[in-house]
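**Q** One structure follows; several queries about it will come next.
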4 protein chains.
Amino acid sequence: MKRIIILINCNDRKGIIASVTNFIHQENGNIVYIDQHVDGVDNLFFMRLECEFLENDFSSSLFRTHFNTTIGSQFEMNWQLHDADIKPRMAIFVSKYSHCLYDILSRYSAKELHVEIPLIISNHPNLEPIAKSFNIPYYYIKVTKETKQEAEEAQLKLLQEYQVDFIVLARYMQIISPKMVSVYQHKIINIHHSFLPAFPGAKPYHSAYQRGVKIIGATSHYVTEDLDEGPIIEQDITRVSHIHTIKDFILKGRDLEKIVLSRAINLHLNRKVMVYDNKTIIFIS
Amino acid sequence: MKRIIILINCNDRKGIIASVTNFIHQENGNIVYIDQHVDGVDNLFFMRLECEFLENDFSSSLFRTHFNTTIGSQFEMNWQLHDADIKPRMAIFVSKYSHCLYDILSRYSAKELHVEIPLIISNHPNLEPIAKSFNIPYYYIKVTKETKQEAEEAQLKLLQEYQVDFIVLARYMQIISPKMVSVYQHKIINIHHSFLPAFPGAKPYHSAYQRGVKIIGATSHYVTEDLDEGPIIEQDITRVSHIHTIKDFILKGRDLEKIVLSRAINLHLNRKVMVYDNKTIIFIS
Amino acid sequence: MKRIIILINCNDRKGIIASVTNFIHQENGNIVYIDQHVDGVDNLFFMRLECEFLENDFSSSLFRTHFNTTIGSQFEMNWQLHDADIKPRMAIFVSKYSHCLYDILSRYSAKELHVEIPLIISNHPNLEPIAKSFNIPYYYIKVTKETKQEAEEAQLKLLQEYQVDFIVLARYMQIISPKMVSVYQHKIINIHHSFLPAFPGAKPYHSAYQRGVKIIGATSHYVTEDLDEGPIIEQDITRVSHIHTIKDFILKGRDLEKIVLSRAINLHLNRKVMVYDNKTIIFIS
Amino acid sequence: MKRIIILINCNDRKGIIASVTNFIHQENGNIVYIDQHVDGVDNLFFMRLECEFLENDFSSSLFRTHFNTTIGSQFEMNWQLHDADIKPRMAIFVSKYSHCLYDILSRYSAKELHVEIPLIISNHPNLEPIAKSFNIPYYYIKVTKETKQEAEEAQLKLLQEYQVDFIVLARYMQIISPKMVSVYQHKIINIHHSFLPAFPGAKPYHSAYQRGVKIIGATSHYVTEDLDEGPIIEQDITRVSHIHTIKDFILKGRDLEKIVLSRAINLHLNRKVMVYDNKTIIFIS
């Protein structure tokens, strides 16, 4: 069986669901999963389908043509087709903290993630031994104020060379340039160590301590040109109290960061995320 | 506009979703919400639809007939049709604790709940003043070992008289007889003060204290003949520690109980619950 | 037995705990609870004691004198003595929302709270029937731009008349003037409907919806001159998703607001809160 | 400075806290942390102290003698003295699952844990490469029905050889014999994949799925002779729904298991746990 995932976005109109499910039926597909969302404020329709076809019965290009010439144009749909069997290729960017990297790689090695990790890129050499122990190429590209542009060129070249589909910033402590953001639009996942929009920018644990909050959080989001203001994919929190120092916040936060980032990666991998109006629609999982 | 809710359950087969959505389309309805679930182990299909029709365009009895004679019989569906505008009629059973009762009635009075509450029944007279302050009839029916059967007859008579659709046991401290359970099959909602299946039966906070657990919980479930073993609708937990006495457990538990029970009531009212194999399917809310 | 609560704050020095516990011992008191905190950054010491004395053996004024002339002056302590048997007197301010009010009053009526509630003040007449059903005087004092100062004078007069110790703003939709704040320094408890410092000010649920957060929260804090920037007492959160409208946020938020506010009130009543540097120390509870 | 941790347990009597704090004061120690608990039901007193002494001023054996001959005997205390600078030696037992092992070792390698890990023991050879990548000796000791006793002898020999202080069962799928339990009384930490006491024994995720619970959990506890009935150190939970298969439960559970186990290890390492009446007292952390 061939399994595909379809993501659809268009203006909401009567009869869309019937038209889509009919279309799949006529193409001899079986819908194994359907989830939809209507934004009543902006009158927008979103849908995620998983369908199965007999292997010999399915041609991706024919399907695309049929779709586009029928319901695709009829409802003016933005839509994507993904082959569920193909593993997306993910680059990991790190700096010096190892907790998110270890968490991702240990899941990868336990085959929890439907992904290929062709390379790790870092602005520091420190974590190379970890990459090595998992047999993943590690590229140390130093970044300074002066070399920032040059460094990013080198990064982009590597990403193309390795045919990377999306990037995970696993506590990578550099701001991503608008150019890189535009090349990987909604394809760069960051983990920020606060419950955004509280405490954006640098040193959120210090600010949280200073403010005397009783909960701290972590937020995974797509990177946009505006720092820490991209569409939020996942968040979680943990309790703190007056007895905790900034160091305690940092340690407690690590557990949040790694779990929240891994959940976001999984949602992205399973095509459960659609971005709209700087927000995300997260289909049930 | 007329809004209806349809719940469907049948064996899973290819083409169900397309058939159902087509049917609604042909009946000139608009699907405003669709959620489905396939139990892959038992090969069962579940669906919840909310549809809108032009008021003059919709006849409930015609719709039923059309449905039954076409897809209903084709797929051998168990299905229900609910008019979303009609408020279900809910009886509340209480004993001496007031927290769940106050929570339900304060939501009722703030128009948070799409429900009618025609009466409150209790085996104690204590909470009558609360009922009075919300202008709801309160029936005190004493229950003793000797009078238990007689009391239940009286309760059933009242329930019929007031055309009650379902019952909420808001910390009602009496076991419901099999007869009552069979009359209100999956229509009696209980709140049990533990995270079931841990600590069923009497005095769960005492048992939790004794065991030294670090979390306590509450569970709302449909009542079946087997005590505290019915289909779970909602659960939640809170943290405790060695410093908490049984009295603390009871006080902390109250907040859980009332919130969990109210969530379960809301799910039931919105027809978001389907029962199958002593478990619940809870559609997204 | 006479039970007292002592709160101590001073610079941290060697031997404080021994000195305090010795002092209590010499006064023939028994320490039934001790909790302390050292802020290592600012070198400050905080302590909360609960002690029991034989009723006839204890004179509050003698104790104060002994304390002040010995360890109090030796360590330059700021300290407070509270008689645990005396119920603090709490005023509730409300506007139109009833959920927090109902929650507080239902706990009050179930004797969960060690408090007297001599009056409720509101800028709207709507909730008077609720106050009546709990037999609590309700004062409707209209507040407009023009009458704001006058209204506050009237409020202050009532608060003095009823000998109010502290004030709870149970979704009171008016900004408290600096004058009122200075009279009730760290004695006005507010509930704000966001996880501060995210979304201060008006319409936080609208802002949260706009930002696309995956968690919403509520924060109870002492009111200071700076809006929503006072010392945080308690916070909690709940999950939301893209399917939830602003109306859903508001409804979900209500459960948070009432539970968080009630927890904060309880902490305050049990003298578990000390304020320092615009933050709170919350002793274990 | 020399930092020590003292844990005290005795019957509750007037004046204990004053006596202990005085004693430390007279020994020229400074109390940097004090936490105590009184079990009012059983009239028992528990205390944890962290104290600092000038390095040259402190003799562990003299301190012990002074303590025993004064307050130790006066109050008939059970007490322990721990040198906070000495890292406890922890053995890890594993089978085939890697998630808990990776989690512990990645914290270890990031110096988050105040511990030495001299060896890993397994009944399977599978995880040896992980041990190797962290440079920790890995002993594969096969366990069958026939060789169980012999295998445990070999384990015990290794534990002694490596001077192991306590053992962590990181999803070790074998029942520990009473002999091993008695040698390491309250020194074997297990992670069980349910919120105990629900679903003890084998296949808890299967049972949880079968029961239709809405939350699953994990529990870390000390191993006693009674399977899954030892004193609970830490628990946590996560939400599940009808859409999740047993495989989903297992995957979600892994995140719980590793986090809960690591928290329990940290509590144990920091001497924050006291066991009494098959329950734990967890001092604030």
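As shown in the structure tokens, the chain order sets the letters A, B, ...; within each chain, residues go from 1, and ligands are also counted from 1 in the order they appear.
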What parts of range 63-231 of chain B does DSSP call strand (DSSP E)? I'd like the answer as a ChimeraX atom specification.

**A** /B:78-83,89-94,116-122,138-140,166-169,188-192,215-222

**Q** Include N, CA, C and O atoms and write out the residues we just selected as a short mmCIF file (atom, residue, chain, number, x, y, z; two decimals), in the first residue's frame.

**A**
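Output file selection10.cif is given in full below:
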data_model
loop_
_atom_site.label_atom_id
_atom_site.label_comp_id
_atom_site.auth_asym_id
_atom_site.auth_seq_id
_atom_site.Cartn_x
_atom_site.Cartn_y
_atom_site.Cartn_z
N ASN B 78 -25.16 2.28 13.42
CA ASN B 78 -25.85 2.80 14.58
C ASN B 78 -25.65 4.30 14.55
O ASN B 78 -24.52 4.76 14.47
N TRP B 79 -26.74 5.02 14.62
CA TRP B 79 -26.56 6.47 14.54
C TRP B 79 -27.61 7.21 15.34
O TRP B 79 -28.68 6.68 15.62
N GLN B 80 -27.27 8.41 15.73
CA GLN B 80 -28.18 9.26 16.48
C GLN B 80 -28.22 10.65 15.86
O GLN B 80 -27.20 11.13 15.35
N LEU B 81 -29.39 11.25 15.92
CA LEU B 81 -29.55 12.63 15.47
C LEU B 81 -29.97 13.49 16.66
O LEU B 81 -30.91 13.14 17.38
N HIS B 82 -29.26 14.59 16.89
CA HIS B 82 -29.61 15.49 17.99
C HIS B 82 -29.85 16.89 17.45
O HIS B 82 -29.06 17.39 16.65
N ASP B 83 -30.92 17.50 17.91
CA ASP B 83 -31.18 18.90 17.59
C ASP B 83 -30.34 19.76 18.52
O ASP B 83 -30.52 19.74 19.74
N ARG B 89 -32.23 17.88 29.57
CA ARG B 89 -32.73 18.08 30.93
C ARG B 89 -31.94 17.19 31.89
O ARG B 89 -31.95 15.98 31.78
N MET B 90 -31.30 17.81 32.85
CA MET B 90 -30.35 17.13 33.74
C MET B 90 -30.81 17.18 35.20
O MET B 90 -31.11 18.25 35.72
N ALA B 91 -30.87 16.02 35.82
CA ALA B 91 -31.12 15.97 37.27
C ALA B 91 -29.80 15.87 38.01
O ALA B 91 -28.86 15.22 37.53
N ILE B 92 -29.73 16.55 39.15
CA ILE B 92 -28.52 16.46 39.98
C ILE B 92 -28.87 15.71 41.26
O ILE B 92 -29.86 16.02 41.91
N PHE B 93 -28.05 14.71 41.57
CA PHE B 93 -28.18 13.99 42.84
C PHE B 93 -27.04 14.44 43.76
O PHE B 93 -25.87 14.45 43.34
N VAL B 94 -27.38 14.81 44.97
CA VAL B 94 -26.33 15.20 45.93
C VAL B 94 -26.58 14.54 47.28
O VAL B 94 -27.68 14.02 47.54
N GLU B 116 -31.01 22.34 30.88
CA GLU B 116 -32.05 22.65 31.86
C GLU B 116 -31.82 21.79 33.10
O GLU B 116 -31.48 20.62 32.97
N ILE B 117 -31.99 22.38 34.27
CA ILE B 117 -31.89 21.60 35.51
C ILE B 117 -33.24 21.68 36.22
O ILE B 117 -33.47 22.57 37.04
N PRO B 118 -34.13 20.75 35.92
CA PRO B 118 -35.48 20.85 36.49
C PRO B 118 -35.56 20.47 37.96
O PRO B 118 -36.49 20.90 38.64
N LEU B 119 -34.61 19.66 38.47
CA LEU B 119 -34.71 19.27 39.88
C LEU B 119 -33.38 18.74 40.43
O LEU B 119 -32.50 18.33 39.68
N ILE B 120 -33.31 18.80 41.76
CA ILE B 120 -32.19 18.24 42.50
C ILE B 120 -32.78 17.23 43.48
O ILE B 120 -33.79 17.51 44.13
N ILE B 121 -32.14 16.06 43.55
CA ILE B 121 -32.62 15.02 44.46
C ILE B 121 -31.50 14.72 45.45
O ILE B 121 -30.33 14.66 45.07
N SER B 122 -31.87 14.54 46.71
CA SER B 122 -30.85 14.27 47.71
C SER B 122 -31.34 13.29 48.76
O SER B 122 -32.54 13.23 49.05
N TYR B 138 -36.04 20.99 45.06
CA TYR B 138 -35.14 20.08 45.77
C TYR B 138 -35.98 19.00 46.43
O TYR B 138 -36.88 19.31 47.22
N TYR B 139 -35.70 17.76 46.11
CA TYR B 139 -36.47 16.66 46.70
C TYR B 139 -35.57 15.87 47.64
O TYR B 139 -34.58 15.28 47.22
N TYR B 140 -35.97 15.87 48.90
CA TYR B 140 -35.23 15.10 49.89
C TYR B 140 -35.89 13.74 50.02
O TYR B 140 -37.01 13.61 50.48
N PHE B 166 -30.74 13.01 31.54
CA PHE B 166 -29.58 12.35 32.15
C PHE B 166 -29.37 12.88 33.57
O PHE B 166 -29.93 13.90 33.97
N ILE B 167 -28.54 12.13 34.31
CA ILE B 167 -28.38 12.36 35.74
C ILE B 167 -26.91 12.62 36.06
O ILE B 167 -26.02 11.95 35.52
N VAL B 168 -26.67 13.58 36.93
CA VAL B 168 -25.30 13.83 37.41
C VAL B 168 -25.23 13.55 38.91
O VAL B 168 -26.00 14.14 39.67
N LEU B 169 -24.36 12.66 39.28
CA LEU B 169 -24.15 12.36 40.70
C LEU B 169 -23.04 13.28 41.21
O LEU B 169 -21.86 13.03 40.98
N ILE B 188 -25.87 8.32 33.29
CA ILE B 188 -25.62 8.73 34.67
C ILE B 188 -24.13 9.02 34.78
O ILE B 188 -23.29 8.14 34.56
N ILE B 189 -23.80 10.25 35.09
CA ILE B 189 -22.40 10.68 35.18
C ILE B 189 -22.02 10.80 36.64
O ILE B 189 -22.66 11.52 37.40
N ASN B 190 -20.97 10.09 37.02
CA ASN B 190 -20.49 10.13 38.41
C ASN B 190 -19.13 10.82 38.46
O ASN B 190 -18.40 10.87 37.48
N ILE B 191 -18.82 11.37 39.64
CA ILE B 191 -17.46 11.86 39.88
C ILE B 191 -16.88 11.02 41.02
O ILE B 191 -17.46 10.95 42.10
N HIS B 192 -15.78 10.34 40.72
CA HIS B 192 -15.12 9.55 41.76
C HIS B 192 -13.82 10.24 42.15
O HIS B 192 -13.08 10.70 41.29
N ILE B 215 0.67 12.00 43.64
CA ILE B 215 -0.40 12.66 42.92
C ILE B 215 -1.74 12.05 43.33
O ILE B 215 -1.84 10.85 43.54
N ILE B 216 -2.75 12.90 43.45
CA ILE B 216 -4.10 12.39 43.63
C ILE B 216 -4.93 12.85 42.44
O ILE B 216 -4.53 13.77 41.72
N GLY B 217 -6.09 12.21 42.24
CA GLY B 217 -6.85 12.53 41.05
C GLY B 217 -8.34 12.44 41.27
O GLY B 217 -8.82 12.14 42.36
N ALA B 218 -9.05 12.76 40.20
CA ALA B 218 -10.50 12.59 40.19
C ALA B 218 -10.89 12.07 38.81
O ALA B 218 -10.22 12.38 37.81
N THR B 219 -11.96 11.30 38.77
CA THR B 219 -12.37 10.64 37.54
C THR B 219 -13.87 10.78 37.37
O THR B 219 -14.63 10.43 38.27
N SER B 220 -14.29 11.27 36.21
CA SER B 220 -15.71 11.29 35.92
C SER B 220 -16.01 10.18 34.92
O SER B 220 -15.30 10.03 33.92
N HIS B 221 -17.04 9.40 35.20
CA HIS B 221 -17.33 8.24 34.36
C HIS B 221 -18.82 7.97 34.33
O HIS B 221 -19.56 8.43 35.21
N TYR B 222 -19.25 7.25 33.32
CA TYR B 222 -20.64 6.78 33.29
C TYR B 222 -20.79 5.63 34.27
O TYR B 222 -19.90 4.78 34.39
#

**Q** Counting only C-alpha atoms, give me one row per residue of chain C with an atom at most 12 Å from an atom of chain D, showing the shortest contact pair and its distance in Å to one decimal, sorted by chain then residue number, as JSON lines.

**A**
{"residue": "C:Asp12", "atom": "CA", "partner": "D:Val32", "partner_atom": "CA", "distance": 9.8}
{"residue": "C:Arg13", "atom": "CA", "partner": "D:Asn30", "partner_atom": "CA", "distance": 8.8}
{"residue": "C:Lys14", "atom": "CA", "partner": "D:Asn30", "partner_atom": "CA", "distance": 5.7}
{"residue": "C:Gly15", "atom": "CA", "partner": "D:His25", "partner_atom": "CA", "distance": 6.2}
{"residue": "C:Ile16", "atom": "CA", "partner": "D:Ile31", "partner_atom": "CA", "distance": 8.9}
{"residue": "C:Ile17", "atom": "CA", "partner": "D:Thr21", "partner_atom": "CA", "distance": 6.6}
{"residue": "C:Ala18", "atom": "CA", "partner": "D:Thr21", "partner_atom": "CA", "distance": 4.6}
{"residue": "C:Ser19", "atom": "CA", "partner": "D:Asn22", "partner_atom": "CA", "distance": 7.9}
{"residue": "C:Val20", "atom": "CA", "partner": "D:Ala18", "partner_atom": "CA", "distance": 8.1}
{"residue": "C:Thr21", "atom": "CA", "partner": "D:Ala18", "partner_atom": "CA", "distance": 4.7}
{"residue": "C:Asn22", "atom": "CA", "partner": "D:Ala18", "partner_atom": "CA", "distance": 5.2}
{"residue": "C:Phe23", "atom": "CA", "partner": "D:Ala18", "partner_atom": "CA", "distance": 8.5}
{"residue": "C:Ile24", "atom": "CA", "partner": "D:Ala18", "partner_atom": "CA", "distance": 8.3}
{"residue": "C:His25", "atom": "CA", "partner": "D:Gly15", "partner_atom": "CA", "distance": 6.2}
{"residue": "C:Gln26", "atom": "CA", "partner": "D:Gly15", "partner_atom": "CA", "distance": 9.6}
{"residue": "C:Glu27", "atom": "CA", "partner": "D:Gly15", "partner_atom": "CA", "distance": 11.3}
{"residue": "C:Asn28", "atom": "CA", "partner": "D:Gly15", "partner_atom": "CA", "distance": 9.3}
{"residue": "C:Gly29", "atom": "CA", "partner": "D:Lys14", "partner_atom": "CA", "distance": 8.4}
{"residue": "C:Asn30", "atom": "CA", "partner": "D:Lys14", "partner_atom": "CA", "distance": 5.7}
{"residue": "C:Ile31", "atom": "CA", "partner": "D:Lys14", "partner_atom": "CA", "distance": 7.5}
{"residue": "C:Val32", "atom": "CA", "partner": "D:Val38", "partner_atom": "CA", "distance": 7.7}
{"residue": "C:Tyr33", "atom": "CA", "partner": "D:His37", "partner_atom": "CA", "distance": 7.7}
{"residue": "C:Ile34", "atom": "CA", "partner": "D:Gln36", "partner_atom": "CA", "distance": 7.1}
{"residue": "C:Asp35", "atom": "CA", "partner": "D:Asp35", "partner_atom": "CA", "distance": 6.5}
{"residue": "C:Gln36", "atom": "CA", "partner": "D:Ile34", "partner_atom": "CA", "distance": 7.1}
{"residue": "C:His37", "atom": "CA", "partner": "D:Tyr33", "partner_atom": "CA", "distance": 7.7}
{"residue": "C:Val38", "atom": "CA", "partner": "D:Val32", "partner_atom": "CA", "distance": 7.7}
{"residue": "C:Asp39", "atom": "CA", "partner": "D:Val32", "partner_atom": "CA", "distance": 10.6}
{"residue": "C:Gly40", "atom": "CA", "partner": "D:Val32", "partner_atom": "CA", "distance": 9.7}
{"residue": "C:Asn43", "atom": "CA", "partner": "D:Val32", "partner_atom": "CA", "distance": 11.5}
{"residue": "C:Leu44", "atom": "CA", "partner": "D:Val32", "partner_atom": "CA", "distance": 11.9}
{"residue": "C:Phe45", "atom": "CA", "partner": "D:Val32", "partner_atom": "CA", "distance": 10.3}
{"residue": "C:Phe46", "atom": "CA", "partner": "D:Tyr33", "partner_atom": "CA", "distance": 11.6}
{"residue": "C:Met47", "atom": "CA", "partner": "D:Ile34", "partner_atom": "CA", "distance": 10.6}
{"residue": "C:Arg48", "atom": "CA", "partner": "D:Asp35", "partner_atom": "CA", "distance": 11.7}
{"residue": "C:Leu49", "atom": "CA", "partner": "D:Ile17", "partner_atom": "CA", "distance": 11.5}
{"residue": "C:Cys51", "atom": "CA", "partner": "D:Lys14", "partner_atom": "CA", "distance": 10.6}
{"residue": "C:Glu52", "atom": "CA", "partner": "D:Lys14", "partner_atom": "CA", "distance": 10.2}
{"residue": "C:Phe53", "atom": "CA", "partner": "D:Lys14", "partner_atom": "CA", "distance": 11.2}
{"residue": "C:Arg239", "atom": "CA", "partner": "D:Arg239", "partner_atom": "CA", "distance": 11.2}
{"residue": "C:Phe283", "atom": "CA", "partner": "D:Ile284", "partner_atom": "CA", "distance": 10.6}
{"residue": "C:Ile284", "atom": "CA", "partner": "D:Ile284", "partner_atom": "CA", "distance": 8.5}
{"residue": "C:Ser285", "atom": "CA", "partner": "D:Ile284", "partner_atom": "CA", "distance": 11.2}

**Q** Write out as a list in words each polymer residue whose atoms come within 7 Å of range 261-268 of chain B, counting only C-alpha atoms; drop sequence neighbours fewer than 2 positions from it.

**A**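 Listing them by chain and then by number gives Ile104, Leu113, Ile191, Ser220, Ile233, Glu234, Glu257, Lys258, Ile259, Asn270, Arg271, Lys272 and Val273 of chain B.
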
**Q** Using the selection just defined, write its residues with C-alpha atoms as a PDB file, in the first residue's frame.

**A**
ATOM      1  CA  ILE B 104     -22.538  23.329  38.455  1.00  0.00           C
ATOM      2  CA  LEU B 113     -24.070  25.213  30.276  1.00  0.00           C
ATOM      3  CA  ILE B 191     -17.456  11.858  39.883  1.00  0.00           C
ATOM      4  CA  SER B 220     -15.713  11.288  35.924  1.00  0.00           C
ATOM      5  CA  ILE B 233     -15.074  10.496  30.454  1.00  0.00           C
ATOM      6  CA  GLU B 234     -12.487  12.763  32.044  1.00  0.00           C
ATOM      7  CA  GLU B 257     -13.725  16.922  41.558  1.00  0.00           C
ATOM      8  CA  LYS B 258     -15.717  19.960  40.625  1.00  0.00           C
ATOM      9  CA  ILE B 259     -13.625  20.877  37.591  1.00  0.00           C
ATOM     10  CA  ASN B 270     -22.248  18.781  23.508  1.00  0.00           C
ATOM     11  CA  ARG B 271     -22.629  15.168  22.335  1.00  0.00           C
ATOM     12  CA  LYS B 272     -18.868  14.806  22.261  1.00  0.00           C
ATOM     13  CA  VAL B 273     -18.891  11.401  23.945  1.00  0.00           C
TER      14      VAL B 273
END

**Q** For CA of Asp165 in chain A and CA of Pro88 in chain A, quote the distance in Å rounded to one decimal.

**A**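 According to the coordinates, CA of Asp165 in chain A and CA of Pro88 in chain A are separated by 6.1 Å.
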
**Q** Pick out the residues sitting within 9 Å of Ser95 in chain C, and hand them over as a PyMOL selection string; count only C-alpha atoms, and ignore anything fewer than 5 positions along from it in its own chain.

**A** chain C and resi 121-127+170-174

**Q** Could you pull out the alpha helix (DSSP H) residues of range 79-178 of chain A, going by DSSP on the backbone, and write them as a PyMOL selection string?

**A** chain A and resi 99-109+128-133+148-161+178

**Q** Go ahead and write the residues just picked, N, CA, C and O atoms, as a compact mmCIF listing (two decimals), in the first residue's frame.

**A**
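File result31.txt, as written:
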# COMPACT_ATOMS: atom_id res chain seq x y z
N HIS A 99 21.86 18.91 25.84
CA HIS A 99 20.66 18.15 26.27
C HIS A 99 19.66 17.92 25.14
O HIS A 99 19.12 16.82 25.01
N CYS A 100 19.39 18.94 24.32
CA CYS A 100 18.45 18.73 23.21
C CYS A 100 19.04 17.79 22.16
O CYS A 100 18.34 16.94 21.62
N LEU A 101 20.32 17.96 21.90
CA LEU A 101 20.97 17.11 20.91
C LEU A 101 20.89 15.64 21.32
O LEU A 101 20.50 14.77 20.53
N TYR A 102 21.27 15.36 22.58
CA TYR A 102 21.19 13.99 23.06
C TYR A 102 19.77 13.45 22.97
O TYR A 102 19.54 12.30 22.60
N ASP A 103 18.83 14.28 23.33
CA ASP A 103 17.44 13.82 23.32
C ASP A 103 16.99 13.44 21.91
O ASP A 103 16.39 12.39 21.70
N ILE A 104 17.32 14.28 20.96
CA ILE A 104 16.94 13.99 19.57
C ILE A 104 17.65 12.73 19.07
O ILE A 104 17.03 11.83 18.50
N LEU A 105 18.96 12.68 19.32
CA LEU A 105 19.73 11.56 18.76
C LEU A 105 19.37 10.24 19.43
O LEU A 105 19.39 9.19 18.78
N SER A 106 19.03 10.28 20.72
CA SER A 106 18.67 9.01 21.36
C SER A 106 17.33 8.51 20.82
O SER A 106 17.12 7.31 20.67
N ARG A 107 16.42 9.43 20.48
CA ARG A 107 15.16 9.00 19.85
C ARG A 107 15.42 8.47 18.44
O ARG A 107 14.81 7.49 18.00
N TYR A 108 16.31 9.17 17.74
CA TYR A 108 16.68 8.78 16.38
C TYR A 108 17.26 7.36 16.39
O TYR A 108 16.86 6.51 15.60
N SER A 109 18.13 7.14 17.33
CA SER A 109 18.80 5.85 17.39
C SER A 109 17.82 4.75 17.82
O SER A 109 18.00 3.58 17.48
N GLU A 128 31.15 17.73 19.00
CA GLU A 128 31.54 16.78 17.94
C GLU A 128 31.59 15.33 18.43
O GLU A 128 31.14 14.43 17.72
N PRO A 129 32.13 15.08 19.63
CA PRO A 129 32.18 13.68 20.07
C PRO A 129 30.80 13.01 20.14
O PRO A 129 30.67 11.82 19.87
N ILE A 130 29.78 13.79 20.49
CA ILE A 130 28.43 13.21 20.53
C ILE A 130 28.00 12.81 19.13
O ILE A 130 27.51 11.71 18.89
N ALA A 131 28.19 13.74 18.18
CA ALA A 131 27.85 13.43 16.79
C ALA A 131 28.56 12.16 16.33
O ALA A 131 27.97 11.28 15.70
N LYS A 132 29.83 12.08 16.68
CA LYS A 132 30.63 10.93 16.27
C LYS A 132 30.06 9.63 16.84
O LYS A 132 29.97 8.63 16.14
N SER A 133 29.65 9.67 18.10
CA SER A 133 29.16 8.43 18.72
C SER A 133 27.86 7.96 18.07
O SER A 133 27.47 6.81 18.23
N LYS A 148 30.06 36.33 9.96
CA LYS A 148 28.69 35.80 10.03
C LYS A 148 28.12 35.47 8.65
O LYS A 148 27.55 34.40 8.43
N GLN A 149 28.31 36.41 7.71
CA GLN A 149 27.72 36.20 6.39
C GLN A 149 28.37 35.01 5.68
O GLN A 149 27.69 34.13 5.16
N GLU A 150 29.70 35.03 5.75
CA GLU A 150 30.48 33.96 5.14
C GLU A 150 30.10 32.59 5.74
O GLU A 150 29.96 31.60 5.04
N ALA A 151 29.94 32.59 7.08
CA ALA A 151 29.58 31.35 7.76
C ALA A 151 28.23 30.84 7.26
O ALA A 151 28.05 29.64 7.00
N GLU A 152 27.32 31.75 7.09
CA GLU A 152 25.99 31.32 6.66
C GLU A 152 26.01 30.80 5.22
O GLU A 152 25.29 29.85 4.89
N GLU A 153 26.84 31.40 4.39
CA GLU A 153 27.01 30.87 3.04
C GLU A 153 27.46 29.41 3.10
O GLU A 153 26.94 28.53 2.39
N ALA A 154 28.43 29.19 3.97
CA ALA A 154 28.96 27.83 4.11
C ALA A 154 27.87 26.88 4.62
O ALA A 154 27.75 25.73 4.16
N GLN A 155 27.09 27.37 5.57
CA GLN A 155 25.99 26.55 6.08
C GLN A 155 25.00 26.21 4.97
O GLN A 155 24.61 25.04 4.79
N LEU A 156 24.61 27.23 4.21
CA LEU A 156 23.64 27.03 3.13
C LEU A 156 24.15 26.03 2.11
O LEU A 156 23.39 25.18 1.61
N LYS A 157 25.44 26.13 1.83
CA LYS A 157 26.02 25.21 0.86
C LYS A 157 25.92 23.76 1.35
O LYS A 157 25.54 22.85 0.61
N LEU A 158 26.24 23.59 2.63
CA LEU A 158 26.14 22.25 3.22
C LEU A 158 24.69 21.74 3.20
O LEU A 158 24.43 20.57 2.90
N LEU A 159 23.77 22.62 3.53
CA LEU A 159 22.36 22.22 3.58
C LEU A 159 21.87 21.75 2.21
O LEU A 159 21.13 20.77 2.09
N GLN A 160 22.34 22.45 1.16
CA GLN A 160 21.96 22.05 -0.19
C GLN A 160 22.62 20.73 -0.58
O GLN A 160 21.99 19.84 -1.13
N GLU A 161 23.92 20.67 -0.27
CA GLU A 161 24.70 19.48 -0.58
C GLU A 161 24.06 18.23 0.02
O GLU A 161 23.98 17.18 -0.61
N PRO A 178 17.83 36.85 7.76
CA PRO A 178 16.63 36.84 6.91
C PRO A 178 16.79 35.99 5.66
O PRO A 178 15.85 35.34 5.22

**Q** Nearest residue to Tyr276 in chain D out of D:Ile232, D:Lys145, D:Leu251, D:Ile243, using only C-alpha atoms?

**A**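 For Tyr276 in chain D, the nearest of the candidates is D:Ile232.
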
**Q** Would you compute the distance between CA of Glu50 in chain C and CA of Arg3 in chain C? Give it in Å to one decimal.

**A**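 Atom-to-atom, CA of Glu50 in chain C to CA of Arg3 in chain C, that is 6.9 Å.
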
**Q** Between CA of Gln235 in chain B and CA of His193 in chain D, what is the distance in Å, rounded to a tenth?

**A**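 A separation of 18.2 Å between them.
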
**Q** Which residues are close to Gly230 in chain B, i.e. within 8 Å by only C-alpha atoms, leaving aside same-chain residues fewer than 3 positions away? Reply as a ChimeraX atom specification.

**A** /B:221-227,278-279
